[in-house]
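Notes follow once the structure below has been shown.
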Amino acid sequence: MSDMSDLNHNNNNEHPDFNEISGEEKLQALRDLIELTDNRLTQQVLEGNAYILVRGAAFAILVAHQQVNGAVSALESLQSDPDFGSSAMRVLHSKQGSNNQ
């Protein structure tokens with residue numbers, strides 16, 4: 001029985017392979033993960049010790065893809081974050097400086 005449910009779960013397009021999705025979809029998936037809105041992902045991260053590593057990787061992707069819709073707003077929402085707040089502010093201020101020149 002579990003084999004059948006595993007098969008159905010693997011065919012579920014709701015969670016595609018992270019490497020196969022577009023940049024914007026990756027950002028959305030990472031935003032969902034950072035905000036812990038996906039209970040299945042949340043459980044996998046909170047039970048493991050990868051939480052800060054995943055958040056660090058997500059932050060690096062946001063910084064590298066600031067031109068993608070939603071990336072800057074995600075960075076703005078992280079300004080009050082205890083781990084990434086100062087880094088988010090620094091990135092946003094440097095971006096504003098480069099836009100004004």
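Quick note on naming: the chains in the structure tokens go A, B, ... in the order shown, residues restart at 1 in each chain, and ligands are numbered from 1 in order of appearance.
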List the neighbours of Leu27 in chain A out to 9 Å using only C-alpha atoms; skip same-chain residues closer than 6 positions along the sequence, and give me the result as a short mmCIF file (atom, residue, chain, number, x, y, z; two decimals) with all heavy atoms, in the first residue's frame.
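Once everything was written out, this is result.cif:
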data_model
loop_
_atom_site.label_atom_id
_atom_site.label_comp_id
_atom_site.auth_asym_id
_atom_site.auth_seq_id
_atom_site.Cartn_x
_atom_site.Cartn_y
_atom_site.Cartn_z
N ALA A 58 19.04 30.24 0.67
CA ALA A 58 17.92 31.01 0.13
C ALA A 58 18.27 32.49 0.08
O ALA A 58 17.99 33.18 -0.91
CB ALA A 58 16.67 30.80 1.00
N ILE A 61 20.56 33.21 -2.81
CA ILE A 61 19.84 33.20 -4.08
C ILE A 61 19.06 34.50 -4.26
O ILE A 61 19.04 35.08 -5.35
CB ILE A 61 18.92 31.97 -4.18
CG1 ILE A 61 19.79 30.71 -4.34
CG2 ILE A 61 17.94 32.10 -5.34
CD1 ILE A 61 19.02 29.42 -4.28
N LEU A 62 18.42 34.98 -3.20
CA LEU A 62 17.69 36.25 -3.29
C LEU A 62 18.64 37.39 -3.66
O LEU A 62 18.32 38.23 -4.50
CB LEU A 62 17.01 36.57 -1.95
CG LEU A 62 15.80 35.72 -1.60
CD1 LEU A 62 15.35 36.02 -0.17
CD2 LEU A 62 14.67 35.94 -2.58
N HIS A 65 19.70 37.18 -7.33
CA HIS A 65 18.63 37.34 -8.32
C HIS A 65 17.69 38.47 -7.94
O HIS A 65 16.48 38.34 -8.05
CB HIS A 65 17.86 36.03 -8.46
CG HIS A 65 18.69 34.90 -8.97
ND1 HIS A 65 19.02 34.75 -10.29
CD2 HIS A 65 19.31 33.88 -8.31
CE1 HIS A 65 19.79 33.68 -10.43
NE2 HIS A 65 19.99 33.15 -9.25
N VAL A 68 14.67 39.57 -10.15
CA VAL A 68 13.46 38.77 -10.29
C VAL A 68 12.37 39.36 -9.40
O VAL A 68 12.62 39.75 -8.27
CB VAL A 68 13.73 37.30 -9.88
CG1 VAL A 68 12.47 36.46 -9.96
CG2 VAL A 68 14.82 36.71 -10.77
N GLY A 70 9.78 39.99 -6.79
CA GLY A 70 9.61 39.40 -5.47
C GLY A 70 10.89 39.28 -4.66
O GLY A 70 10.83 39.17 -3.44
N ALA A 71 12.03 39.29 -5.32
CA ALA A 71 13.29 39.11 -4.59
C ALA A 71 13.54 40.28 -3.65
O ALA A 71 13.89 40.09 -2.48
CB ALA A 71 14.45 38.92 -5.55
#
**Study point:** Near-Ser87 in chain A list (10 Å; only C-alpha atoms; drop same-chain fewer than 4 positions) as a PyMOL selection string
**Key:** chain A and resi 59+63+75+78-79+81+83+91-93
Requested write-out: N, CA, C and O atoms of the selected residues, as a PDB file, in the first residue's frame:
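New file again-v2.pdb:
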ATOM      1  N   PHE A  59      18.911  32.987   1.119  1.00  0.00           N
ATOM      2  CA  PHE A  59      19.304  34.399   1.159  1.00  0.00           C
ATOM      3  C   PHE A  59      20.289  34.704   0.025  1.00  0.00           C
ATOM      4  O   PHE A  59      20.154  35.713  -0.668  1.00  0.00           O
ATOM      5  N   VAL A  63      19.809  37.418  -3.044  1.00  0.00           N
ATOM      6  CA  VAL A  63      20.788  38.474  -3.331  1.00  0.00           C
ATOM      7  C   VAL A  63      21.263  38.385  -4.778  1.00  0.00           C
ATOM      8  O   VAL A  63      21.372  39.398  -5.476  1.00  0.00           O
ATOM      9  N   LEU A  75      13.729  40.380   0.407  1.00  0.00           N
ATOM     10  CA  LEU A  75      14.850  40.948   1.162  1.00  0.00           C
ATOM     11  C   LEU A  75      14.359  42.002   2.152  1.00  0.00           C
ATOM     12  O   LEU A  75      14.826  42.070   3.290  1.00  0.00           O
ATOM     13  N   LEU A  78      13.034  40.578   5.221  1.00  0.00           N
ATOM     14  CA  LEU A  78      14.057  39.973   6.078  1.00  0.00           C
ATOM     15  C   LEU A  78      14.821  41.002   6.916  1.00  0.00           C
ATOM     16  O   LEU A  78      15.654  40.625   7.731  1.00  0.00           O
ATOM     17  N   GLN A  79      14.530  42.293   6.732  1.00  0.00           N
ATOM     18  CA  GLN A  79      15.308  43.318   7.440  1.00  0.00           C
ATOM     19  C   GLN A  79      15.196  43.205   8.962  1.00  0.00           C
ATOM     20  O   GLN A  79      16.110  43.594   9.680  1.00  0.00           O
ATOM     21  N   ASP A  81      14.843  40.295  10.468  1.00  0.00           N
ATOM     22  CA  ASP A  81      15.225  38.929  10.825  1.00  0.00           C
ATOM     23  C   ASP A  81      16.482  38.944  11.691  1.00  0.00           C
ATOM     24  O   ASP A  81      17.443  39.651  11.381  1.00  0.00           O
ATOM     25  N   ASP A  83      18.810  36.729  12.071  1.00  0.00           N
ATOM     26  CA  ASP A  83      20.000  36.163  11.435  1.00  0.00           C
ATOM     27  C   ASP A  83      20.450  36.948  10.207  1.00  0.00           C
ATOM     28  O   ASP A  83      21.637  37.098   9.958  1.00  0.00           O
ATOM     29  N   VAL A  91      22.481  44.832   1.698  1.00  0.00           N
ATOM     30  CA  VAL A  91      22.227  44.541   0.283  1.00  0.00           C
ATOM     31  C   VAL A  91      21.267  45.571  -0.310  1.00  0.00           C
ATOM     32  O   VAL A  91      21.502  46.098  -1.399  1.00  0.00           O
ATOM     33  N   LEU A  92      20.187  45.864   0.422  1.00  0.00           N
ATOM     34  CA  LEU A  92      19.189  46.818  -0.090  1.00  0.00           C
ATOM     35  C   LEU A  92      19.774  48.220  -0.213  1.00  0.00           C
ATOM     36  O   LEU A  92      19.505  48.918  -1.180  1.00  0.00           O
ATOM     37  N   HIS A  93      20.584  48.638   0.759  1.00  0.00           N
ATOM     38  CA  HIS A  93      21.188  49.969   0.677  1.00  0.00           C
ATOM     39  C   HIS A  93      22.194  50.069  -0.455  1.00  0.00           C
ATOM     40  O   HIS A  93      22.279  51.086  -1.138  1.00  0.00           O
TER      41      HIS A  93
END
Review point. What separation in Å, quoted to one decimal, exists between CA of Lys95 in chain A and CA of Ala74 in chain A?
Key: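 Pair CA of Lys95 in chain A / CA of Ala74 in chain A returns 14.1 Å.
Put simply, CA of Ile52 in chain A is 13.8 Å away from CA of Gly85 in chain A.
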Practice item. Report the distance between CA of Ser86 in chain A and CA of Arg40 in chain A in Å, rounded to one decimal place. Key: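 Straight-line distance from CA of Ser86 in chain A to CA of Arg40 in chain A works out to 29.2 Å.
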Exercise for review: Return the single residue from A:Gln43, A:Ser80, A:Asn69, A:Ser98 that is closest to Gln28 in chain A, with distances computed using only C-alpha atoms.
Suggested key: A:Asn69
Review point. From the list A:Gln96, A:Gln44, A:Ser73, A:Gln67, which residue is nearest Arg31 in chain A when using only C-alpha atoms?
Key: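 Of the candidates, the smallest distance to Arg31 in chain A is held by A:Ser73.
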